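The structure under discussion appears below in the form of structure tokens.
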Amino acid sequence: MLNERMTAQLAPQLALLTALRRTTNVTRAAELLGVPQPTVSRRISALGEALGAPLTVPDGRGIRLTRAAELLADAAERALADVDAGVRQAREEVDPESGHIVLGFLHLLGRSLVPTLLRGYRADHPGVRFTLVQGSRQDMVDRLTSGELDLALLAPAPVDDPLLDTAVLSEQEIFLSVPTSHRLADRECAAIEDLKDEEFVLLETGYGLRTITDELCAAAGFQPKIAFEGQESDTVRGLVAAGLGVALLPRFEPGSPAGVAEVPLVPPVGRTIGLAWRKDVVLPPAVMRFRERVRAQRT
């Protein structure tokens with residue numbers, strides 16, 4: 001019963017604990033919450049009395065939470081995240097047309113796929129707001145599993161993670177990108193074995209194309225000689241055009257970039273593009289509607 005009474009008293013003050021942790025100052029916490037400072041002071045005192053120990057101690061010109069208060073603040077932040085998710089779901093259940101979707105994707109997919117998907121969807125659902133997050137494949141997987149993203153467009157797909165579900169959307173061919181002056185530039189096709197002595201321009205570890213390149217080279221019996229590593233495909237292509245190495249990349253749209261020849265690989269190499277989401281959470285209505293729209297456009 002004592003714990004239940006403490007929980008009942010603490011529940012309305014969850015935001016107070018998180019505000020105190022964030023500001024380390026009673027006055028700023030009161031401003032953040034939009035309540036008078038004396039009210040915040042009284043609430044801190046009342047919670048301390050209910051707990052049987054102070055929640056704050058002086059720290060220079062401000063305050064800091066006690067160890068006991070830090071434990072409560074940790075629980076408060078987790079609870080508020082759940083409440084925020086519930087509020088979002090409830091509001092979007094009433095009006096999914098005003099929803100918010102946090103979509104992650106690889107840099108390469110931002111050139112054409114993502115704009116195409118969003119343009120069509122926003123034409124039919126103009127009230128839905130998107131937050132777009134770019135990064136490596138591993139970064140997107142990590143953010144998805146942590147709850148930072150609602151959905152993520154990944155390649156290659158599916159994802160080998162028990163927390164995630166993936167819908168495969170399309171297959172994308174991978175080409176050898178070389179400078180137009182390169183010995184292989186005019187070839188109708190090239191094999192990975194032809195690249196044993198080449199210097200490579202690679203995306204960093206964690207990117208899907210980096211994994212594909214490393215695995216293809218390993219299967220051909222060599223490790224790629226790394227000249228440069230980058231985080232964006234456009235940078236990689238620019239370095240290839242400058243004659244600083246070769247790379248394995250999807251075809252540049254709408255056509256080959258200046259200074260770069262794109263040579264088909266033999267045997268052909270491709271990667272799957274997929275849409276991933278957490279399987280252990282109930283997605284808000286706006287997110288589910290967008291997910292189903294994307295899945296229906298599978299090519």
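By convention in this document, the chains of the structure tokens carry letters A, B, ... by their order, each chain's residues are numbered from 1, and ligands are numbered from 1 in the order they are shown.
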So which residues touch stretch 161-165 of chain A within 10 Å, counting only C-alpha atoms, skipping near sequence neighbours fewer than 5 positions away, as a PDB file with N, CA, C and O atoms, in the first residue's frame?
```pdb
ATOM      1  N   VAL A 141      19.101   0.682 -38.513  1.00  0.00           N
ATOM      2  CA  VAL A 141      18.627  -0.476 -37.739  1.00  0.00           C
ATOM      3  C   VAL A 141      18.666  -0.153 -36.243  1.00  0.00           C
ATOM      4  O   VAL A 141      17.714  -0.427 -35.508  1.00  0.00           O
ATOM      5  N   LEU A 144      15.946   2.286 -35.360  1.00  0.00           N
ATOM      6  CA  LEU A 144      14.637   1.648 -35.449  1.00  0.00           C
ATOM      7  C   LEU A 144      14.359   0.805 -34.209  1.00  0.00           C
ATOM      8  O   LEU A 144      13.281   0.889 -33.609  1.00  0.00           O
ATOM      9  N   THR A 145      15.331   0.002 -33.809  1.00  0.00           N
ATOM     10  CA  THR A 145      15.128  -0.857 -32.645  1.00  0.00           C
ATOM     11  C   THR A 145      15.028  -0.060 -31.352  1.00  0.00           C
ATOM     12  O   THR A 145      14.366  -0.488 -30.403  1.00  0.00           O
ATOM     13  N   GLY A 274      14.146  -2.675 -48.862  1.00  0.00           N
ATOM     14  CA  GLY A 274      12.996  -3.059 -48.058  1.00  0.00           C
ATOM     15  C   GLY A 274      12.587  -1.987 -47.072  1.00  0.00           C
ATOM     16  O   GLY A 274      13.354  -1.059 -46.776  1.00  0.00           O
ATOM     17  N   LEU A 275      11.378  -2.100 -46.584  1.00  0.00           N
ATOM     18  CA  LEU A 275      10.845  -1.214 -45.553  1.00  0.00           C
ATOM     19  C   LEU A 275      10.764  -2.010 -44.258  1.00  0.00           C
ATOM     20  O   LEU A 275      10.175  -3.093 -44.229  1.00  0.00           O
ATOM     21  N   ALA A 276      11.353  -1.487 -43.190  1.00  0.00           N
ATOM     22  CA  ALA A 276      11.428  -2.206 -41.912  1.00  0.00           C
ATOM     23  C   ALA A 276      10.715  -1.420 -40.818  1.00  0.00           C
ATOM     24  O   ALA A 276      10.633  -0.192 -40.858  1.00  0.00           O
ATOM     25  N   TRP A 277      10.216  -2.165 -39.806  1.00  0.00           N
ATOM     26  CA  TRP A 277       9.541  -1.555 -38.659  1.00  0.00           C
ATOM     27  C   TRP A 277       9.627  -2.501 -37.468  1.00  0.00           C
ATOM     28  O   TRP A 277       9.926  -3.683 -37.615  1.00  0.00           O
ATOM     29  N   ARG A 278       9.388  -1.949 -36.291  1.00  0.00           N
ATOM     30  CA  ARG A 278       9.400  -2.761 -35.067  1.00  0.00           C
ATOM     31  C   ARG A 278       8.179  -3.675 -35.042  1.00  0.00           C
ATOM     32  O   ARG A 278       7.048  -3.224 -35.255  1.00  0.00           O
ATOM     33  N   LYS A 279       8.383  -4.951 -34.757  1.00  0.00           N
ATOM     34  CA  LYS A 279       7.269  -5.883 -34.719  1.00  0.00           C
ATOM     35  C   LYS A 279       6.590  -5.932 -33.354  1.00  0.00           C
ATOM     36  O   LYS A 279       5.499  -6.468 -33.226  1.00  0.00           O
ATOM     37  N   ASP A 280       7.252  -5.388 -32.321  1.00  0.00           N
ATOM     38  CA  ASP A 280       6.716  -5.516 -30.960  1.00  0.00           C
ATOM     39  C   ASP A 280       5.989  -4.257 -30.490  1.00  0.00           C
ATOM     40  O   ASP A 280       5.698  -4.124 -29.304  1.00  0.00           O
ATOM     41  N   VAL A 281       5.694  -3.324 -31.391  1.00  0.00           N
ATOM     42  CA  VAL A 281       4.972  -2.120 -31.005  1.00  0.00           C
ATOM     43  C   VAL A 281       3.774  -1.934 -31.930  1.00  0.00           C
ATOM     44  O   VAL A 281       3.781  -2.388 -33.075  1.00  0.00           O
TER      45      VAL A 281
END
```
Do a neighbour search on stretch 259-262 of chain A at 12 Å with only C-alpha atoms, toss out local chain neighbours closer than 4 positions, and write the hits as a PyMOL selection string. chain A and resi 173-190+234+236-253+255
Written file, previous selection with N, CA, C and O atoms, as a compact mmCIF listing (two decimals), in the first residue's frame:
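Okay, out-v4.txt is ready:
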```
# COMPACT_ATOMS: atom_id res chain seq x y z
N GLU A 173 20.18 -3.22 -59.09
CA GLU A 173 21.42 -3.76 -59.62
C GLU A 173 22.61 -2.90 -59.20
O GLU A 173 22.52 -1.67 -59.13
N ILE A 174 23.72 -3.56 -58.92
CA ILE A 174 24.96 -2.89 -58.55
C ILE A 174 25.92 -2.92 -59.73
O ILE A 174 26.07 -3.94 -60.40
N PHE A 175 26.57 -1.77 -60.00
CA PHE A 175 27.50 -1.65 -61.11
C PHE A 175 28.90 -1.33 -60.59
O PHE A 175 29.07 -0.81 -59.49
N LEU A 176 29.88 -1.59 -61.44
CA LEU A 176 31.24 -1.14 -61.18
C LEU A 176 31.38 0.28 -61.70
O LEU A 176 31.15 0.54 -62.89
N SER A 177 31.72 1.20 -60.82
CA SER A 177 31.95 2.60 -61.21
C SER A 177 33.45 2.84 -61.30
O SER A 177 34.18 2.62 -60.32
N VAL A 178 33.89 3.29 -62.48
CA VAL A 178 35.32 3.54 -62.70
C VAL A 178 35.47 4.88 -63.42
O VAL A 178 34.53 5.36 -64.06
N PRO A 179 36.64 5.50 -63.34
CA PRO A 179 36.88 6.72 -64.12
C PRO A 179 36.74 6.41 -65.62
O PRO A 179 37.04 5.30 -66.06
N THR A 180 36.30 7.39 -66.41
CA THR A 180 36.12 7.14 -67.84
C THR A 180 37.43 6.81 -68.54
O THR A 180 37.42 6.26 -69.64
N SER A 181 38.55 7.12 -67.92
CA SER A 181 39.86 6.80 -68.51
C SER A 181 40.37 5.43 -68.06
O SER A 181 41.47 5.01 -68.45
N HIS A 182 39.60 4.73 -67.26
CA HIS A 182 40.05 3.45 -66.68
C HIS A 182 40.08 2.35 -67.75
O HIS A 182 39.32 2.38 -68.72
N ARG A 183 40.93 1.37 -67.55
CA ARG A 183 41.09 0.26 -68.49
C ARG A 183 39.80 -0.54 -68.67
O ARG A 183 39.60 -1.20 -69.70
N LEU A 184 38.91 -0.52 -67.66
CA LEU A 184 37.66 -1.29 -67.74
C LEU A 184 36.47 -0.44 -68.18
O LEU A 184 35.36 -0.96 -68.30
N ALA A 185 36.69 0.84 -68.44
CA ALA A 185 35.57 1.74 -68.69
C ALA A 185 34.76 1.37 -69.93
O ALA A 185 33.55 1.57 -69.97
N ASP A 186 35.41 0.82 -70.95
CA ASP A 186 34.72 0.50 -72.19
C ASP A 186 34.31 -0.97 -72.27
O ASP A 186 33.79 -1.41 -73.32
N ARG A 187 34.51 -1.70 -71.21
CA ARG A 187 34.13 -3.12 -71.21
C ARG A 187 32.62 -3.28 -71.14
O ARG A 187 31.92 -2.47 -70.51
N GLU A 188 32.09 -4.32 -71.78
CA GLU A 188 30.66 -4.59 -71.69
C GLU A 188 30.29 -5.10 -70.30
O GLU A 188 29.17 -4.91 -69.84
N CYS A 189 31.24 -5.74 -69.65
CA CYS A 189 31.01 -6.23 -68.29
C CYS A 189 32.36 -6.47 -67.63
O CYS A 189 33.40 -6.48 -68.30
N ALA A 190 32.33 -6.65 -66.32
CA ALA A 190 33.55 -6.90 -65.57
C ALA A 190 33.24 -7.85 -64.42
O ALA A 190 32.12 -7.88 -63.90
N ASP A 234 27.51 10.18 -53.33
CA ASP A 234 27.92 11.25 -54.24
C ASP A 234 29.39 11.59 -54.05
O ASP A 234 30.11 11.87 -55.03
N VAL A 236 31.66 9.44 -52.95
CA VAL A 236 32.37 8.30 -53.51
C VAL A 236 32.47 8.43 -55.02
O VAL A 236 33.55 8.24 -55.62
N ARG A 237 31.38 8.78 -55.67
CA ARG A 237 31.39 8.94 -57.13
C ARG A 237 32.35 10.06 -57.56
O ARG A 237 33.03 9.96 -58.57
N GLY A 238 32.34 11.14 -56.78
CA GLY A 238 33.23 12.24 -57.11
C GLY A 238 34.69 11.82 -57.05
O GLY A 238 35.50 12.23 -57.90
N LEU A 239 35.03 11.01 -56.07
CA LEU A 239 36.40 10.52 -55.96
C LEU A 239 36.74 9.56 -57.08
O LEU A 239 37.87 9.55 -57.58
N VAL A 240 35.76 8.76 -57.49
CA VAL A 240 35.99 7.88 -58.64
C VAL A 240 36.23 8.71 -59.89
O VAL A 240 37.16 8.45 -60.67
N ALA A 241 35.40 9.74 -60.12
CA ALA A 241 35.55 10.60 -61.29
C ALA A 241 36.92 11.28 -61.31
O ALA A 241 37.48 11.53 -62.39
N ALA A 242 37.46 11.53 -60.11
CA ALA A 242 38.78 12.17 -60.02
C ALA A 242 39.92 11.19 -60.24
O ALA A 242 41.10 11.58 -60.16
N GLY A 243 39.60 9.92 -60.50
CA GLY A 243 40.62 8.93 -60.76
C GLY A 243 41.28 8.36 -59.53
O GLY A 243 42.39 7.82 -59.60
N LEU A 244 40.58 8.45 -58.36
CA LEU A 244 41.20 8.04 -57.10
C LEU A 244 40.83 6.63 -56.67
O LEU A 244 41.21 6.20 -55.59
N GLY A 245 40.09 5.92 -57.51
CA GLY A 245 39.74 4.56 -57.17
C GLY A 245 38.50 4.10 -57.91
O GLY A 245 37.93 4.84 -58.73
N VAL A 246 38.08 2.87 -57.62
CA VAL A 246 36.85 2.31 -58.20
C VAL A 246 35.87 2.03 -57.08
O VAL A 246 36.24 2.00 -55.89
N ALA A 247 34.60 1.82 -57.43
CA ALA A 247 33.58 1.58 -56.40
C ALA A 247 32.47 0.72 -56.97
O ALA A 247 32.26 0.67 -58.19
N LEU A 248 31.74 0.06 -56.09
CA LEU A 248 30.55 -0.70 -56.46
C LEU A 248 29.34 0.10 -55.97
O LEU A 248 29.17 0.29 -54.76
N LEU A 249 28.51 0.55 -56.91
CA LEU A 249 27.39 1.43 -56.58
C LEU A 249 26.20 1.12 -57.48
O LEU A 249 26.36 0.62 -58.60
N PRO A 250 24.99 1.45 -57.04
CA PRO A 250 23.83 1.37 -57.95
C PRO A 250 23.99 2.38 -59.08
O PRO A 250 24.77 3.34 -58.98
N ARG A 251 23.24 2.20 -60.14
CA ARG A 251 23.30 3.12 -61.27
C ARG A 251 22.87 4.52 -60.83
O ARG A 251 21.91 4.68 -60.09
N PHE A 252 23.61 5.49 -61.30
CA PHE A 252 23.30 6.88 -61.01
C PHE A 252 22.11 7.31 -61.86
O PHE A 252 22.08 7.06 -63.07
N GLU A 253 21.13 7.93 -61.23
CA GLU A 253 19.95 8.41 -61.96
C GLU A 253 19.99 9.92 -62.08
O GLU A 253 20.36 10.60 -61.12
N GLY A 255 21.32 9.44 -65.25
CA GLY A 255 22.32 8.89 -66.17
C GLY A 255 23.68 8.91 -65.52
O GLY A 255 23.84 9.46 -64.43
```
Name the closest residue to A:Arg78 among the candidates A:Arg293, A:Phe222, A:Asp160, A:Thr18; distances are taken between atoms, counting only C-alpha atoms.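 Once distances to A:Arg78 are computed over only C-alpha atoms, the minimum belongs to A:Thr18.
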Alpha helix (DSSP H) call set, DSSP backbone run, stretch 46-212 of chain A, as a PyMOL selection string: chain A and resi 46-51+67-94+113-124+137-146+208-212
Would you mind exporting C-alpha atoms of the selected residues as a PDB file, in the first residue's frame?
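As written to disk, again_31.pdb reads:
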```pdb
ATOM      1  CA  ALA A  46       5.893  17.101  -0.756  1.00  0.00           C
ATOM      2  CA  LEU A  47       7.488  14.394  -2.867  1.00  0.00           C
ATOM      3  CA  GLY A  48      10.525  14.340  -0.581  1.00  0.00           C
ATOM      4  CA  GLU A  49       8.290  13.915   2.457  1.00  0.00           C
ATOM      5  CA  ALA A  50       6.390  11.097   0.781  1.00  0.00           C
ATOM      6  CA  LEU A  51       9.653   9.365  -0.148  1.00  0.00           C
ATOM      7  CA  ARG A  67      20.497   9.342  -6.088  1.00  0.00           C
ATOM      8  CA  ALA A  68      16.952   8.360  -5.073  1.00  0.00           C
ATOM      9  CA  ALA A  69      15.495  11.169  -7.191  1.00  0.00           C
ATOM     10  CA  GLU A  70      17.632  10.102 -10.163  1.00  0.00           C
ATOM     11  CA  LEU A  71      16.094   6.638  -9.964  1.00  0.00           C
ATOM     12  CA  LEU A  72      12.630   8.168  -9.938  1.00  0.00           C
ATOM     13  CA  ALA A  73      13.565  10.476 -12.825  1.00  0.00           C
ATOM     14  CA  ASP A  74      14.725   7.495 -14.882  1.00  0.00           C
ATOM     15  CA  ALA A  75      11.361   5.851 -14.352  1.00  0.00           C
ATOM     16  CA  ALA A  76       9.592   9.147 -15.074  1.00  0.00           C
ATOM     17  CA  GLU A  77      11.319   9.545 -18.443  1.00  0.00           C
ATOM     18  CA  ARG A  78      10.392   6.008 -19.472  1.00  0.00           C
ATOM     19  CA  ALA A  79       6.808   6.532 -18.366  1.00  0.00           C
ATOM     20  CA  LEU A  80       6.497   9.863 -20.144  1.00  0.00           C
ATOM     21  CA  ALA A  81       7.803   8.308 -23.366  1.00  0.00           C
ATOM     22  CA  ASP A  82       5.039   5.701 -23.140  1.00  0.00           C
ATOM     23  CA  VAL A  83       2.464   8.379 -22.360  1.00  0.00           C
ATOM     24  CA  ASP A  84       3.650  10.496 -25.292  1.00  0.00           C
ATOM     25  CA  ALA A  85       3.322   7.486 -27.582  1.00  0.00           C
ATOM     26  CA  GLY A  86      -0.164   6.823 -26.242  1.00  0.00           C
ATOM     27  CA  VAL A  87      -1.225  10.439 -26.748  1.00  0.00           C
ATOM     28  CA  ARG A  88       0.124  10.344 -30.285  1.00  0.00           C
ATOM     29  CA  GLN A  89      -1.739   7.138 -31.076  1.00  0.00           C
ATOM     30  CA  ALA A  90      -4.957   8.452 -29.530  1.00  0.00           C
ATOM     31  CA  ARG A  91      -4.813  11.719 -31.470  1.00  0.00           C
ATOM     32  CA  GLU A  92      -4.049   9.965 -34.726  1.00  0.00           C
ATOM     33  CA  GLU A  93      -6.810   7.432 -34.072  1.00  0.00           C
ATOM     34  CA  VAL A  94      -9.195  10.374 -34.040  1.00  0.00           C
ATOM     35  CA  LEU A 113      12.945   6.627 -54.114  1.00  0.00           C
ATOM     36  CA  VAL A 114      12.125   8.683 -51.034  1.00  0.00           C
ATOM     37  CA  PRO A 115      10.984  11.810 -52.930  1.00  0.00           C
ATOM     38  CA  THR A 116       8.795   9.641 -55.161  1.00  0.00           C
ATOM     39  CA  LEU A 117       7.134   7.908 -52.218  1.00  0.00           C
ATOM     40  CA  LEU A 118       6.569  11.123 -50.288  1.00  0.00           C
ATOM     41  CA  ARG A 119       5.305  13.123 -53.247  1.00  0.00           C
ATOM     42  CA  GLY A 120       2.571  10.607 -53.986  1.00  0.00           C
ATOM     43  CA  TYR A 121       1.579  10.138 -50.374  1.00  0.00           C
ATOM     44  CA  ARG A 122       1.501  13.830 -49.495  1.00  0.00           C
ATOM     45  CA  ALA A 123      -0.672  14.508 -52.530  1.00  0.00           C
ATOM     46  CA  ASP A 124      -3.367  12.315 -50.964  1.00  0.00           C
ATOM     47  CA  ARG A 137      22.191   0.801 -42.733  1.00  0.00           C
ATOM     48  CA  GLN A 138      23.419  -0.124 -39.254  1.00  0.00           C
ATOM     49  CA  ASP A 139      22.569   3.333 -37.940  1.00  0.00           C
ATOM     50  CA  MET A 140      19.012   2.993 -39.284  1.00  0.00           C
ATOM     51  CA  VAL A 141      18.627  -0.476 -37.739  1.00  0.00           C
ATOM     52  CA  ASP A 142      19.888   0.789 -34.372  1.00  0.00           C
ATOM     53  CA  ARG A 143      17.560   3.812 -34.420  1.00  0.00           C
ATOM     54  CA  LEU A 144      14.637   1.648 -35.449  1.00  0.00           C
ATOM     55  CA  THR A 145      15.128  -0.857 -32.645  1.00  0.00           C
ATOM     56  CA  SER A 146      15.591   1.942 -30.090  1.00  0.00           C
ATOM     57  CA  GLY A 208      25.086  -1.915 -46.813  1.00  0.00           C
ATOM     58  CA  LEU A 209      27.166  -1.319 -49.942  1.00  0.00           C
ATOM     59  CA  ARG A 210      30.331  -1.630 -47.893  1.00  0.00           C
ATOM     60  CA  THR A 211      29.199  -5.025 -46.650  1.00  0.00           C
ATOM     61  CA  ILE A 212      28.335  -6.132 -50.183  1.00  0.00           C
TER      62      ILE A 212
END
```
Which polymer residues have any atom within 10 Å of an atom of A:Asp197, counting only C-alpha atoms, with same-chain residues fewer than 2 positions away left out, as a list in words?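 Counting only the stated atoms, we get Glu193, Asp194, Leu195, Glu199, Phe200, Phe222, Gln223, Pro224 and Lys225 of chain A.
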Export of prior selection with all heavy atoms as an mmCIF file, in the first residue's frame:
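Result written to result.cif:
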```cif
data_model
loop_
_atom_site.group_PDB
_atom_site.id
_atom_site.type_symbol
_atom_site.label_atom_id
_atom_site.label_comp_id
_atom_site.auth_asym_id
_atom_site.auth_seq_id
_atom_site.Cartn_x
_atom_site.Cartn_y
_atom_site.Cartn_z
ATOM 1 N N GLU A 193 36.834 -10.410 -59.861
ATOM 2 C CA GLU A 193 38.234 -10.830 -59.911
ATOM 3 C C GLU A 193 39.103 -9.831 -60.673
ATOM 4 O O GLU A 193 40.320 -9.754 -60.440
ATOM 5 C CB GLU A 193 38.335 -12.210 -60.564
ATOM 6 C CG GLU A 193 37.788 -13.355 -59.729
ATOM 7 C CD GLU A 193 36.267 -13.465 -59.782
ATOM 8 O OE1 GLU A 193 35.636 -12.670 -60.527
ATOM 9 O OE2 GLU A 193 35.715 -14.332 -59.094
ATOM 10 N N ASP A 194 38.486 -9.064 -61.584
ATOM 11 C CA ASP A 194 39.246 -8.080 -62.353
ATOM 12 C C ASP A 194 39.735 -6.928 -61.492
ATOM 13 O O ASP A 194 40.554 -6.111 -61.942
ATOM 14 C CB ASP A 194 38.385 -7.507 -63.487
ATOM 15 C CG ASP A 194 37.994 -8.548 -64.521
ATOM 16 O OD1 ASP A 194 38.775 -9.502 -64.704
ATOM 17 O OD2 ASP A 194 36.915 -8.408 -65.131
ATOM 18 N N LEU A 195 39.228 -6.834 -60.262
ATOM 19 C CA LEU A 195 39.500 -5.677 -59.412
ATOM 20 C C LEU A 195 40.524 -5.970 -58.321
ATOM 21 O O LEU A 195 40.743 -5.137 -57.444
ATOM 22 C CB LEU A 195 38.189 -5.198 -58.761
ATOM 23 C CG LEU A 195 37.005 -4.978 -59.713
ATOM 24 C CD1 LEU A 195 35.767 -4.581 -58.923
ATOM 25 C CD2 LEU A 195 37.348 -3.933 -60.761
ATOM 26 N N GLU A 199 42.533 0.045 -56.464
ATOM 27 C CA GLU A 199 42.257 0.753 -55.220
ATOM 28 C C GLU A 199 40.774 1.128 -55.197
ATOM 29 O O GLU A 199 40.229 1.574 -56.215
ATOM 30 C CB GLU A 199 43.127 2.002 -55.106
ATOM 31 C CG GLU A 199 44.598 1.696 -54.887
ATOM 32 C CD GLU A 199 45.382 2.942 -54.508
ATOM 33 O OE1 GLU A 199 45.050 4.030 -55.021
ATOM 34 O OE2 GLU A 199 46.312 2.825 -53.687
ATOM 35 N N PHE A 200 40.159 0.951 -54.033
ATOM 36 C CA PHE A 200 38.721 1.157 -53.904
ATOM 37 C C PHE A 200 38.409 2.439 -53.144
ATOM 38 O O PHE A 200 39.124 2.822 -52.208
ATOM 39 C CB PHE A 200 38.081 -0.011 -53.144
ATOM 40 C CG PHE A 200 37.856 -1.239 -53.968
ATOM 41 C CD1 PHE A 200 38.918 -2.080 -54.303
ATOM 42 C CD2 PHE A 200 36.582 -1.567 -54.402
ATOM 43 C CE1 PHE A 200 38.704 -3.222 -55.056
ATOM 44 C CE2 PHE A 200 36.357 -2.708 -55.154
ATOM 45 C CZ PHE A 200 37.424 -3.543 -55.482
ATOM 46 N N PHE A 222 40.211 -11.999 -52.247
ATOM 47 C CA PHE A 222 41.099 -10.890 -51.895
ATOM 48 C C PHE A 222 40.351 -9.871 -51.040
ATOM 49 O O PHE A 222 39.119 -9.874 -50.968
ATOM 50 C CB PHE A 222 41.652 -10.207 -53.152
ATOM 51 C CG PHE A 222 40.624 -9.455 -53.961
ATOM 52 C CD1 PHE A 222 40.431 -8.090 -53.772
ATOM 53 C CD2 PHE A 222 39.861 -10.108 -54.924
ATOM 54 C CE1 PHE A 222 39.488 -7.393 -54.520
ATOM 55 C CE2 PHE A 222 38.927 -9.421 -55.686
ATOM 56 C CZ PHE A 222 38.740 -8.059 -55.481
ATOM 57 N N GLN A 223 41.121 -9.029 -50.373
ATOM 58 C CA GLN A 223 40.571 -7.912 -49.635
ATOM 59 C C GLN A 223 40.754 -6.639 -50.447
ATOM 60 O O GLN A 223 41.816 -6.428 -51.036
ATOM 61 C CB GLN A 223 41.265 -7.747 -48.274
ATOM 62 C CG GLN A 223 40.937 -8.827 -47.261
ATOM 63 C CD GLN A 223 41.560 -8.524 -45.902
ATOM 64 O OE1 GLN A 223 42.546 -7.809 -45.824
ATOM 65 N NE2 GLN A 223 40.974 -9.073 -44.854
ATOM 66 N N PRO A 224 39.732 -5.773 -50.494
ATOM 67 C CA PRO A 224 39.882 -4.557 -51.300
ATOM 68 C C PRO A 224 40.944 -3.632 -50.719
ATOM 69 O O PRO A 224 41.048 -3.466 -49.503
ATOM 70 C CB PRO A 224 38.488 -3.909 -51.218
ATOM 71 C CG PRO A 224 37.875 -4.465 -49.972
ATOM 72 C CD PRO A 224 38.419 -5.860 -49.836
ATOM 73 N N LYS A 225 41.743 -3.054 -51.609
ATOM 74 C CA LYS A 225 42.717 -2.052 -51.196
ATOM 75 C C LYS A 225 41.985 -0.716 -51.056
ATOM 76 O O LYS A 225 41.502 -0.169 -52.045
ATOM 77 C CB LYS A 225 43.833 -1.937 -52.229
ATOM 78 C CG LYS A 225 44.625 -3.222 -52.436
ATOM 79 C CD LYS A 225 45.653 -3.054 -53.556
ATOM 80 C CE LYS A 225 46.412 -4.338 -53.803
ATOM 81 N NZ LYS A 225 47.379 -4.190 -54.927
#
```
Counting only C-alpha atoms, what is within 8 Å of stretch 101-103 of chain A, bar same-chain residues fewer than 6 positions away, as a list of chain:residue names?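 Residues near the query, excluding close chain neighbours: A:Val128, A:Arg129, A:Phe130, A:Thr131, A:Leu132, A:Val133, A:Glu148, A:Leu149, A:Asp150, A:Leu151, A:Ala152, A:Leu153, A:Ala286, A:Val287.
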Keeping only N, CA, C and O atoms, write those residues as a short mmCIF file (atom, residue, chain, number, x, y, z; two decimals), in the first residue's frame.
```cif
data_model
loop_
_atom_site.label_atom_id
_atom_site.label_comp_id
_atom_site.auth_asym_id
_atom_site.auth_seq_id
_atom_site.Cartn_x
_atom_site.Cartn_y
_atom_site.Cartn_z
N VAL A 128 -0.32 15.10 -43.17
CA VAL A 128 0.66 14.24 -42.49
C VAL A 128 2.04 14.89 -42.56
O VAL A 128 2.47 15.35 -43.61
N ARG A 129 2.72 14.91 -41.43
CA ARG A 129 4.05 15.52 -41.34
C ARG A 129 5.12 14.44 -41.24
O ARG A 129 4.95 13.45 -40.53
N PHE A 130 6.22 14.64 -41.95
CA PHE A 130 7.32 13.68 -41.94
C PHE A 130 8.57 14.30 -41.32
O PHE A 130 8.88 15.46 -41.56
N THR A 131 9.26 13.51 -40.52
CA THR A 131 10.63 13.81 -40.12
C THR A 131 11.53 12.79 -40.79
O THR A 131 11.31 11.58 -40.67
N LEU A 132 12.52 13.28 -41.54
CA LEU A 132 13.39 12.40 -42.34
C LEU A 132 14.77 12.30 -41.70
O LEU A 132 15.36 13.32 -41.35
N VAL A 133 15.25 11.07 -41.58
CA VAL A 133 16.55 10.81 -40.94
C VAL A 133 17.38 9.94 -41.88
O VAL A 133 16.92 8.90 -42.34
N GLU A 148 13.59 5.35 -32.13
CA GLU A 148 13.75 6.70 -32.66
C GLU A 148 13.07 6.86 -34.01
O GLU A 148 12.71 7.97 -34.40
N LEU A 149 12.92 5.77 -34.75
CA LEU A 149 12.29 5.80 -36.07
C LEU A 149 11.00 4.98 -36.04
O LEU A 149 10.90 3.99 -35.31
N ASP A 150 10.03 5.38 -36.86
CA ASP A 150 8.83 4.58 -37.06
C ASP A 150 9.07 3.52 -38.13
O ASP A 150 8.68 2.37 -37.98
N LEU A 151 9.70 3.94 -39.22
CA LEU A 151 9.94 3.09 -40.37
C LEU A 151 11.32 3.40 -40.93
O LEU A 151 11.84 4.51 -40.72
N ALA A 152 11.90 2.45 -41.65
CA ALA A 152 13.20 2.70 -42.28
C ALA A 152 13.27 1.97 -43.61
O ALA A 152 12.90 0.80 -43.70
N LEU A 153 13.74 2.68 -44.63
CA LEU A 153 14.02 2.09 -45.93
C LEU A 153 15.48 1.64 -45.92
O LEU A 153 16.39 2.47 -45.75
N ALA A 286 -1.34 6.77 -38.69
CA ALA A 286 -0.72 7.42 -39.84
C ALA A 286 0.48 6.63 -40.34
O ALA A 286 0.71 6.54 -41.56
N VAL A 287 1.25 6.06 -39.42
CA VAL A 287 2.42 5.26 -39.81
C VAL A 287 1.97 3.98 -40.52
O VAL A 287 2.53 3.60 -41.55
#
```
Output as a list of chain:residue names all residues of stretch 106-160 of chain A that backbone DSSP marks as strand (DSSP E). A:Leu106, A:Arg129, A:Phe130, A:Thr131, A:Leu132, A:Val133, A:Gln134, A:Gly135, A:Leu151, A:Ala152, A:Leu153, A:Leu154
Enter the distance from atom CA of A:Pro126 to atom CA of A:Gln297, in Å, rounded to one decimal.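 Pair atom CA of A:Pro126 / atom CA of A:Gln297 returns 19.0 Å.
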What does the distance from atom CA of A:Gly147 to atom CA of A:Leu106 come to in Å, to one decimal?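 Spanning atom CA of A:Gly147 to atom CA of A:Leu106 is a straight-line distance of 17.4 Å.
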Quick one: pull the distance between atom CA of A:Gly230 and atom CA of A:Arg271, Å, one decimal.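 Between these atoms lies a distance of 19.8 Å.
Of the residues listed (A:Val40, A:Val26, A:Val35, A:Val263), A:Val26 shows the shortest atom-to-atom separation from A:Arg61; distances use only C-alpha atoms.
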